[in-house]
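Asker: Structure file upload12.cif (mmCIF, C-alpha atoms) is given on the next line.
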```cif
data_input
loop_
_atom_site.group_PDB
_atom_site.id
_atom_site.type_symbol
_atom_site.label_atom_id
_atom_site.label_comp_id
_atom_site.auth_asym_id
_atom_site.auth_seq_id
_atom_site.Cartn_x
_atom_site.Cartn_y
_atom_site.Cartn_z
ATOM 1 C CA MET K 88 5.091 218.961 273.568
ATOM 2 C CA GLN K 89 5.927 217.431 276.928
ATOM 3 C CA THR K 90 4.473 218.754 280.174
ATOM 4 C CA ARG K 91 6.477 221.494 281.844
ATOM 5 C CA LEU K 92 8.234 220.308 284.979
ATOM 6 C CA SER K 93 7.057 221.517 288.363
ATOM 7 C CA THR K 94 9.300 223.900 290.292
ATOM 8 C CA THR K 95 7.383 223.607 293.550
ATOM 9 C CA ARG K 96 9.595 223.055 296.551
ATOM 10 C CA GLY K 97 9.294 219.640 298.143
ATOM 11 C CA PRO K 98 11.378 216.621 299.127
ATOM 12 C CA GLY K 99 14.845 217.076 297.651
ATOM 13 C CA CYS K 100 14.023 220.722 296.781
ATOM 14 C CA PRO K 101 13.614 220.380 292.990
ATOM 15 C CA GLU K 102 13.681 224.184 292.764
ATOM 16 C CA ASP K 103 17.317 224.125 293.876
ATOM 17 C CA MET K 104 18.445 222.070 290.880
ATOM 18 C CA TRP K 105 17.685 224.976 288.525
ATOM 19 C CA ARG K 106 20.384 227.183 290.036
ATOM 20 C CA PRO K 107 23.149 227.775 287.455
ATOM 21 C CA ASN K 108 25.867 226.129 289.526
ATOM 22 C CA ARG K 109 23.736 222.999 290.036
ATOM 23 C CA ILE K 110 22.939 222.825 286.324
ATOM 24 C CA ALA K 111 26.668 223.121 285.565
ATOM 25 C CA THR K 112 27.446 220.316 288.000
ATOM 26 C CA LEU K 113 24.851 218.083 286.321
ATOM 27 C CA ALA K 114 26.397 218.829 282.919
ATOM 28 C CA CYS K 115 29.855 217.792 284.107
ATOM 29 C CA GLN K 116 28.438 214.709 285.817
ATOM 30 C CA ALA K 117 26.906 213.822 282.445
ATOM 31 C CA LEU K 118 30.342 214.136 280.835
ATOM 32 C CA ALA K 119 31.797 211.873 283.521
ATOM 33 C CA ALA K 120 28.980 209.339 283.096
ATOM 34 C CA GLU K 121 29.586 209.249 279.347
ATOM 35 C CA ALA K 122 33.335 208.789 279.805
ATOM 36 C CA GLU K 123 32.936 205.976 282.331
ATOM 37 C CA LEU K 124 30.258 204.106 280.373
ATOM 38 C CA THR K 125 31.664 200.744 279.278
ATOM 39 C CA PRO K 126 32.044 199.247 276.701
ATOM 40 C CA LYS K 127 31.933 201.995 274.060
ATOM 41 C CA PRO K 128 33.329 200.995 270.645
ATOM 42 C CA GLY K 129 36.360 203.086 269.731
ATOM 43 C CA LEU K 130 35.875 205.474 272.644
ATOM 44 C CA VAL K 131 37.687 206.040 275.942
ATOM 45 C CA ASP K 132 36.049 204.044 278.727
ATOM 46 C CA ARG K 133 36.995 202.070 281.844
ATOM 47 C CA ARG K 134 38.787 199.459 279.704
ATOM 48 C CA GLY K 135 41.223 201.869 278.059
ATOM 49 C CA PRO K 136 41.704 204.627 275.450
ATOM 50 C CA GLY K 137 39.813 203.009 272.558
ATOM 51 C CA ALA K 138 41.131 204.351 269.251
ATOM 52 C CA HIS K 139 42.869 207.286 270.967
ATOM 53 C CA ARG K 140 46.566 207.539 271.721
ATOM 54 C CA ASP K 141 46.550 210.778 273.690
ATOM 55 C CA LEU K 142 43.508 210.266 275.944
ATOM 56 C CA THR K 143 42.757 208.327 279.113
ATOM 57 C CA LEU K 144 39.698 208.065 281.338
ATOM 58 C CA GLU K 145 41.503 210.019 284.040
ATOM 59 C CA LEU K 146 42.235 212.827 281.580
ATOM 60 C CA MET K 147 38.602 212.913 280.452
ATOM 61 C CA LEU K 148 37.434 213.268 284.060
ATOM 62 C CA GLU K 149 40.020 215.960 284.817
ATOM 63 C CA SER K 150 38.912 217.856 281.723
ATOM 64 C CA ALA K 151 35.254 217.686 282.752
ATOM 65 C CA ALA K 152 36.108 219.070 286.195
ATOM 66 C CA ALA K 153 38.183 221.873 284.667
ATOM 67 C CA ILE K 154 35.332 223.193 282.515
ATOM 68 C CA GLU K 155 32.610 223.028 285.179
ATOM 69 C CA PRO K 156 33.236 226.626 286.408
ATOM 70 C CA TYR K 157 32.769 227.878 282.848
ATOM 71 C CA PHE K 158 29.465 226.044 282.496
ATOM 72 C CA ALA K 159 28.432 227.732 285.754
ATOM 73 C CA ALA K 160 29.466 231.104 284.303
ATOM 74 C CA MET K 161 27.364 230.418 281.190
ATOM 75 C CA GLY K 162 24.378 229.600 283.394
ATOM 76 C CA LEU K 163 24.821 232.748 285.476
ATOM 77 C CA ALA K 164 25.153 234.869 282.338
ATOM 78 C CA SER K 165 21.924 233.402 280.936
ATOM 79 C CA GLU K 166 19.697 233.421 284.013
ATOM 80 C CA GLY K 167 16.551 235.408 283.201
ATOM 81 C CA ARG K 168 18.119 236.812 279.997
ATOM 82 C CA ARG K 169 16.581 237.406 276.583
ATOM 83 C CA LEU K 170 17.888 235.416 273.630
ATOM 84 C CA ASP K 171 19.860 238.120 271.875
ATOM 85 C CA ARG K 172 23.243 238.796 270.294
ATOM 86 C CA SER K 173 24.650 240.193 273.518
ATOM 87 C CA LEU K 174 24.033 236.896 275.287
ATOM 88 C CA ARG K 175 25.437 234.968 272.318
ATOM 89 C CA ARG K 176 28.650 236.996 272.389
ATOM 90 C CA GLN K 177 29.028 236.575 276.143
ATOM 91 C CA LEU K 178 28.549 232.819 275.959
ATOM 92 C CA ALA K 179 31.022 232.553 273.085
ATOM 93 C CA THR K 180 33.656 234.400 275.134
ATOM 94 C CA ILE K 181 33.127 232.109 278.130
ATOM 95 C CA GLY K 182 33.270 229.078 275.834
ATOM 96 C CA ARG K 183 36.644 230.131 274.479
ATOM 97 C CA TYR K 184 37.990 230.462 278.029
ATOM 98 C CA ALA K 185 36.611 226.969 278.737
ATOM 99 C CA GLU K 186 38.527 225.590 275.749
ATOM 100 C CA ARG K 187 41.734 227.155 277.022
ATOM 101 C CA ALA K 188 41.162 225.611 280.463
ATOM 102 C CA MET K 189 40.589 222.238 278.817
ATOM 103 C CA TYR K 190 43.795 222.453 276.794
ATOM 104 C CA ARG K 191 45.783 223.483 279.883
ATOM 105 C CA VAL K 192 44.638 220.396 281.772
ATOM 106 C CA THR K 193 45.122 218.023 278.832
ATOM 107 C CA GLN K 194 48.371 219.606 277.606
ATOM 108 C CA GLY K 195 46.901 220.191 274.169
ATOM 109 C CA SER K 196 44.605 217.187 273.692
ATOM 110 C CA ASN K 197 41.015 217.773 272.612
ATOM 111 C CA THR K 198 38.828 216.005 275.166
ATOM 112 C CA HIS K 199 35.667 218.114 275.183
ATOM 113 C CA LYS K 200 35.737 220.890 272.579
ATOM 114 C CA GLY K 201 32.480 219.727 270.968
ATOM 115 C CA ALA K 202 30.923 219.110 274.361
ATOM 116 C CA ILE K 203 31.738 222.652 275.508
ATOM 117 C CA TRP K 204 29.690 223.963 272.585
ATOM 118 C CA ILE K 205 26.813 221.489 272.912
ATOM 119 C CA LEU K 206 26.468 221.317 276.690
ATOM 120 C CA GLY K 207 27.351 224.987 277.100
ATOM 121 C CA LEU K 208 24.340 225.941 274.987
ATOM 122 C CA LEU K 209 22.081 223.540 276.868
ATOM 123 C CA VAL K 210 23.307 224.750 280.267
ATOM 124 C CA ALA K 211 22.674 228.351 279.216
ATOM 125 C CA ALA K 212 19.239 227.459 277.868
ATOM 126 C CA ALA K 213 18.269 225.541 281.010
ATOM 127 C CA ALA K 214 19.395 228.361 283.307
ATOM 128 C CA ARG K 215 17.322 230.994 281.494
ATOM 129 C CA GLU K 216 13.989 229.718 282.810
ATOM 130 C CA ARG K 217 13.300 227.169 285.518
ATOM 131 C CA GLY K 218 11.222 224.060 284.966
ATOM 132 C CA GLN K 219 11.647 223.633 281.197
ATOM 133 C CA ASN K 220 11.455 220.193 279.640
ATOM 134 C CA ALA K 221 14.095 218.714 277.347
ATOM 135 C CA GLN K 222 12.461 219.857 274.118
ATOM 136 C CA GLU K 223 12.096 223.431 275.380
ATOM 137 C CA ILE K 224 15.726 223.535 276.550
ATOM 138 C CA ALA K 225 16.944 222.172 273.211
ATOM 139 C CA ALA K 226 14.853 224.710 271.307
ATOM 140 C CA ALA K 227 16.233 227.590 273.389
ATOM 141 C CA GLY K 228 19.786 226.279 272.908
ATOM 142 C CA GLY K 229 19.158 226.140 269.173
ATOM 143 C CA ALA K 230 17.862 229.705 269.173
ATOM 144 C CA ILE K 231 21.081 230.857 270.857
ATOM 145 C CA ALA K 232 23.192 228.897 268.356
ATOM 146 C CA ARG K 233 21.429 230.534 265.414
ATOM 147 C CA LEU K 234 22.399 234.008 266.594
ATOM 148 C CA PRO K 235 25.520 235.344 264.832
ATOM 149 C CA ASP K 236 28.876 235.360 266.605
ATOM 150 C CA ARG K 237 31.046 238.253 265.470
ATOM 151 C CA MET K 238 34.236 236.595 266.747
ATOM 152 C CA GLN K 239 34.801 233.844 264.192
ATOM 153 C CA PRO K 240 37.796 231.508 264.732
ATOM 154 C CA ALA K 241 40.911 232.462 262.778
ATOM 155 C CA LEU K 242 41.733 228.846 261.885
ATOM 156 C CA LEU K 243 39.575 226.190 260.287
ATOM 157 C CA THR K 244 38.429 223.550 262.764
ATOM 158 C CA HIS K 245 38.145 219.845 261.993
ATOM 159 C CA GLY K 246 34.385 220.376 261.860
ATOM 160 C CA ASP K 247 34.795 223.135 259.260
ATOM 161 C CA ILE K 248 36.940 220.860 257.092
ATOM 162 C CA VAL K 249 34.465 217.977 257.298
ATOM 163 C CA ARG K 250 31.479 220.223 256.585
ATOM 164 C CA ALA K 251 33.186 221.538 253.461
ATOM 165 C CA ARG K 252 34.214 218.088 252.251
ATOM 166 C CA TYR K 253 31.201 215.954 253.176
ATOM 167 C CA GLY K 254 28.375 218.391 253.974
ATOM 168 C CA ALA K 255 27.967 216.944 257.488
ATOM 169 C CA ALA K 256 26.294 219.288 259.950
ATOM 170 C CA GLY K 257 28.574 218.587 262.927
ATOM 171 C CA ALA K 258 28.100 219.970 266.422
ATOM 172 C CA ARG K 259 27.210 223.421 265.113
ATOM 173 C CA GLY K 260 24.512 222.058 262.805
ATOM 174 C CA GLU K 261 23.174 219.817 265.568
ATOM 175 C CA ALA K 262 22.671 222.851 267.790
ATOM 176 C CA ILE K 263 21.241 225.084 265.063
ATOM 177 C CA ASN K 264 18.630 222.405 264.340
ATOM 178 C CA ASP K 265 17.583 222.092 268.009
ATOM 179 C CA PHE K 266 19.594 218.931 268.766
ATOM 180 C CA PRO K 267 17.587 216.370 266.762
ATOM 181 C CA HIS K 268 19.855 213.421 267.574
ATOM 182 C CA VAL K 269 19.327 214.098 271.276
ATOM 183 C CA ILE K 270 15.599 214.839 271.242
ATOM 184 C CA GLU K 271 14.513 212.398 268.526
ATOM 185 C CA VAL K 272 17.056 209.585 268.931
ATOM 186 C CA GLY K 273 19.043 209.558 272.179
ATOM 187 C CA LEU K 274 16.329 210.431 274.698
ATOM 188 C CA PRO K 275 13.638 208.119 273.246
ATOM 189 C CA ALA K 276 16.124 205.220 273.147
ATOM 190 C CA LEU K 277 17.274 205.841 276.722
ATOM 191 C CA GLN K 278 13.772 206.207 278.102
ATOM 192 C CA ALA K 279 12.338 203.228 276.210
ATOM 193 C CA LYS K 280 14.984 200.866 277.591
ATOM 194 C CA ARG K 281 14.490 202.236 281.093
ATOM 195 C CA ALA K 282 10.734 201.684 280.815
ATOM 196 C CA ALA K 283 11.485 198.091 279.782
ATOM 197 C CA GLY K 284 13.413 197.561 283.017
ATOM 198 C CA SER K 285 16.992 197.578 281.692
ATOM 199 C CA SER K 286 19.909 198.688 283.864
ATOM 200 C CA GLU K 287 21.037 202.288 283.562
ATOM 201 C CA GLN K 288 24.278 201.130 281.945
ATOM 202 C CA LEU K 289 22.398 199.283 279.209
ATOM 203 C CA CYS K 290 19.993 202.202 278.732
ATOM 204 C CA ARG K 291 22.920 204.552 278.112
ATOM 205 C CA LEU K 292 24.680 202.094 275.794
ATOM 206 C CA HIS K 293 21.461 201.642 273.834
ATOM 207 C CA ALA K 294 21.145 205.431 273.497
ATOM 208 C CA LEU K 295 24.765 205.725 272.328
ATOM 209 C CA LEU K 296 24.397 202.999 269.716
ATOM 210 C CA SER K 297 21.136 204.526 268.503
ATOM 211 C CA ILE K 298 22.866 207.886 268.022
ATOM 212 C CA MET K 299 25.839 206.222 266.308
ATOM 213 C CA SER K 300 23.501 204.430 263.908
ATOM 214 C CA HIS K 301 22.006 207.755 262.706
ATOM 215 C CA LEU K 302 24.638 210.499 263.121
ATOM 216 C CA ASN K 303 26.989 211.727 260.400
ATOM 217 C CA ASP K 304 29.728 211.941 263.006
ATOM 218 C CA THR K 305 32.318 214.530 261.974
ATOM 219 C CA CYS K 306 34.944 212.984 264.267
ATOM 220 C CA VAL K 307 34.629 209.742 262.302
ATOM 221 C CA LEU K 308 34.549 211.513 258.929
ATOM 222 C CA TYR K 309 37.639 213.571 259.718
ATOM 223 C CA ARG K 310 39.753 210.555 260.669
ATOM 224 C CA GLY K 311 38.328 207.878 258.382
ATOM 225 C CA GLY K 312 36.104 209.380 255.699
ATOM 226 C CA GLY K 313 32.828 208.045 254.359
ATOM 227 C CA GLU K 314 33.872 204.401 254.506
ATOM 228 C CA ALA K 315 34.559 204.648 258.231
ATOM 229 C CA LEU K 316 31.250 206.425 258.831
ATOM 230 C CA HIS K 317 29.435 203.600 257.045
ATOM 231 C CA ALA K 318 31.269 201.105 259.265
ATOM 232 C CA VAL K 319 30.195 202.962 262.422
ATOM 233 C CA LYS K 320 26.555 203.258 261.385
ATOM 234 C CA SER K 321 26.207 199.711 260.081
ATOM 235 C CA GLY K 322 28.098 198.289 263.064
ATOM 236 C CA ALA K 323 25.863 200.096 265.557
ATOM 237 C CA ARG K 324 22.763 198.906 263.719
ATOM 238 C CA ALA K 325 24.090 195.346 263.788
ATOM 239 C CA VAL K 326 24.371 195.516 267.590
ATOM 240 C CA LEU K 327 20.815 196.786 267.909
ATOM 241 C CA ARG K 328 19.445 194.186 265.490
ATOM 242 C CA ALA K 329 21.247 191.442 267.401
ATOM 243 C CA GLY K 330 19.308 192.270 270.549
ATOM 244 C CA GLY K 331 21.231 195.236 271.893
ATOM 245 C CA PRO K 332 24.228 195.508 274.213
ATOM 246 C CA GLY K 333 22.598 193.295 276.857
ATOM 247 C CA SER K 334 22.326 190.218 274.642
ATOM 248 C CA THR K 335 25.015 187.643 273.883
ATOM 249 C CA ARG K 336 24.884 188.324 270.135
ATOM 250 C CA GLY K 337 24.791 192.051 270.752
ATOM 251 C CA ARG K 338 27.972 191.845 272.829
ATOM 252 C CA GLU K 339 29.632 189.880 270.057
ATOM 253 C CA GLU K 340 28.678 192.600 267.567
ATOM 254 C CA ILE K 341 30.048 195.296 269.903
ATOM 255 C CA GLN K 342 33.374 193.446 270.086
ATOM 256 C CA LYS K 343 33.424 193.146 266.293
ATOM 257 C CA LEU K 344 32.714 196.869 265.895
ATOM 258 C CA GLU K 345 35.350 197.713 268.503
ATOM 259 C CA ARG K 346 38.035 195.797 266.599
ATOM 260 C CA ASP K 347 37.022 197.440 263.332
ATOM 261 C CA LEU K 348 37.126 200.984 264.708
ATOM 262 C CA ILE K 349 40.486 200.510 266.399
ATOM 263 C CA THR K 350 41.903 199.082 263.167
ATOM 264 C CA ARG K 351 40.558 202.096 261.303
ATOM 265 C CA ASN K 352 41.787 204.442 264.069
ATOM 266 C CA VAL K 353 38.406 206.169 264.333
ATOM 267 C CA SER K 354 36.337 207.135 267.349
ATOM 268 C CA PRO K 355 32.695 208.333 267.336
ATOM 269 C CA GLY K 356 33.377 211.371 269.494
ATOM 270 C CA GLY K 357 30.416 213.349 268.150
ATOM 271 C CA SER K 358 28.061 210.576 269.231
ATOM 272 C CA ALA K 359 29.696 210.560 272.676
ATOM 273 C CA ASP K 360 29.097 214.298 273.089
ATOM 274 C CA LEU K 361 25.438 213.855 272.152
ATOM 275 C CA LEU K 362 25.106 210.981 274.614
ATOM 276 C CA ALA K 363 26.374 213.306 277.358
ATOM 277 C CA ALA K 364 23.757 215.856 276.273
ATOM 278 C CA THR K 365 21.119 213.105 276.355
ATOM 279 C CA ILE K 366 22.085 212.074 279.890
ATOM 280 C CA PHE K 367 22.068 215.737 280.975
ATOM 281 C CA LEU K 368 18.611 216.565 279.604
ATOM 282 C CA ASP K 369 17.214 213.298 280.922
ATOM 283 C CA ALA K 370 18.459 214.186 284.413
ATOM 284 C CA LEU K 371 16.808 217.615 284.242
ATOM 285 C CA GLU K 372 13.502 216.104 283.115
ATOM 286 C CA ARG K 373 13.636 213.572 285.935
ATOM 287 C CA ARG K 374 14.619 216.307 288.413
ATOM 288 C CA GLN K 375 17.684 214.380 289.518
ATOM 289 C CA GLY K 376 19.913 216.034 292.073
ATOM 290 C CA GLU K 377 22.884 214.185 290.637
ATOM 291 C CA ILE K 378 23.732 211.793 287.824
ATOM 292 C CA SER K 379 24.902 208.347 288.844
ATOM 293 C CA LYS K 380 28.274 207.126 287.641
ATOM 294 C CA ASP K 381 28.663 203.869 285.755
ATOM 295 C CA HIS K 382 30.006 201.479 288.389
ATOM 296 C CA SER K 383 28.677 198.273 286.816
ATOM 297 C CA GLU K 384 30.902 195.626 285.299
ATOM 298 C CA TRP K 385 30.256 194.564 281.719
ATOM 299 C CA GLU K 386 30.207 190.894 282.686
ATOM 300 C CA GLU K 387 27.391 191.587 285.160
ATOM 301 C CA SER K 388 25.041 192.502 282.304
ATOM 302 C CA ASP K 389 24.862 188.910 281.048
ATOM 303 C CA GLY K 390 21.296 188.025 280.269
ATOM 304 C CA ALA K 391 20.014 191.604 280.685
ATOM 305 C CA ALA K 392 17.525 192.904 278.189
#
```
I'd like the structure from this file rewritten - as structure tokens, please.

Answerer:
Amino acid sequence: MQTRLSTTRGPGCPEDMWRPNRIATLACQALAAEAELTPKPGLVDRRGPGAHRDLTLELMLESAAAIEPYFAAMGLASEGRRLDRSLRRQLATIGRYAERAMYRVTQGSNTHKGAIWILGLLVAAAARERGQNAQEIAAAGGAIARLPDRMQPALLTHGDIVRARYGAAGARGEAINDFPHVIEVGLPALQAKRAAGSSEQLCRLHALLSIMSHLNDTCVLYRGGGEALHAVKSGARAVLRAGGPGSTRGREEIQKLERDLITRNVSPGGSADLLAATIFLDALERRQGEISKDHSEWEESDGAA
């Protein structure tokens, strides 16, 4: 278990970052950082829409801004609360309003439905008690997810269809199991590359590829089936084996994977959501007042480790 973070006031007032509205802002900054990160195979980034036809970077950023008030409402609802069914029901209601706000902004496109579930739980968990570390927040979010929700959706979601067909856990299973691809894959990958001196852009790309190489991504399974999932996992592993996204061979493997995913019309959206969760929890552990955007150019990473 990692050491609990200090909440003592000091330079930058770390205590202030645990207010629900600040936690919500960090969550939406994490969504923006994920969207802007470039290059992401098959995903929306600063180059274009990836394998999507109805999404743009601008739409992703507008969507993130639209759901921030609902993350703040989840944090306020959870502050100092017990983990019980009443809280679970309240968070579910707020989450459904967040989805409606997202669809209004995007005119029906799904930009962040999975992220509302994943980050909403983590925001609520973080707001309950100040100074928790990433593992404690993930465990509390998992405990909330395991509580029953009486208001089940009337229609099957894409995740429901994929779970029935392939047995993949999806966003719901990730939360119920305390976010293993964030705690055991994404965060260690991000932090290891940072400790090695890599740029923040390369650290985040390394974390994304690590998640992609392990996750049974329901977004990929829904659009491309098991063959596409194998292509995503094996392609991500090939990048990492080639030296990672900062190496010449690694960049060549990313370009190869990008072409393959666009041809297959698949996008690892589940991995992207978990990267956003990774960036969010990392920021809380580091007591960051804000999460930096990805302003770097891909060409500038030549020769980076």

Asker: As a PDB file with C-alpha atoms, in the coordinates of the input, please: the residues near His317 (chain K) (cut-off 10 Å, all atoms listed in the file, same-chain neighbours under 3 positions excluded).

Answerer:
```pdb
ATOM      1  CA  SER K 300      23.501 204.430 263.908  1.00  0.00           C
ATOM      2  CA  ASN K 303      26.989 211.727 260.400  1.00  0.00           C
ATOM      3  CA  VAL K 307      34.629 209.742 262.302  1.00  0.00           C
ATOM      4  CA  LEU K 308      34.549 211.513 258.929  1.00  0.00           C
ATOM      5  CA  GLY K 311      38.328 207.878 258.382  1.00  0.00           C
ATOM      6  CA  GLY K 312      36.104 209.380 255.699  1.00  0.00           C
ATOM      7  CA  GLY K 313      32.828 208.045 254.359  1.00  0.00           C
ATOM      8  CA  GLU K 314      33.872 204.401 254.506  1.00  0.00           C
ATOM      9  CA  LYS K 320      26.555 203.258 261.385  1.00  0.00           C
ATOM     10  CA  SER K 321      26.207 199.711 260.081  1.00  0.00           C
ATOM     11  CA  GLY K 322      28.098 198.289 263.064  1.00  0.00           C
ATOM     12  CA  ALA K 323      25.863 200.096 265.557  1.00  0.00           C
TER      13      ALA K 323
END
```

Asker: Which one of K:Leu174, K:Leu348, K:Met189, K:Ile341 sits closest to Val319 (chain K) if you count all atoms listed in the file?

Answerer: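 Distance minimum relative to Val319 (chain K) lands on K:Leu348.
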
Asker: Quick one: residues within 7 Å of region 175-180 of chain K, only C-alpha atoms counted, chain neighbours fewer than 3 positions away excluded, as a list in words?

Answerer: Met161, Asp171, Arg172, Arg183, Tyr184, Ile231, Leu234 and Asp236 of chain K

Asker: Would you work out the distance separating CA of Pro332 (chain K) from CA of Lys280 (chain K), expressed in Å to one decimal?

Answerer: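 Spanning CA of Pro332 (chain K) to CA of Lys280 (chain K) is a straight-line distance of 11.2 Å.
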
Asker: Show which residues sit within 12 Å of Lys200 (chain K), as a ChimeraX atom specification. Count all atoms listed in the file, and ignore same-chain residues fewer than 5 positions away.

Answerer: /K:118,147,150-151,154,182-190,193,195,205-207,244-246,258-259,306,356-357,359-360

Asker: Build an axis-aligned box that encloses every atom of region 299-310 of chain K listed in the file, pad it by 3 Å on each side, and report its centre and edge lengths in Å to one decimal, as lines of an AutoDock Vina configuration file.

Answerer:
```
center_x = 30.9
center_y = 209.5
center_z = 262.6
size_x = 23.7
size_y = 16.1
size_z = 13.4
```

Asker: Compile the contact shell of region 119-132 of chain K as a PyMOL selection string: residues with an atom at most 6 Å away, counting all atoms listed in the file, same-chain residues fewer than 3 positions apart removed.

Answerer: chain K and resi 116+135-138+148+345+348-349+354+363+380-381
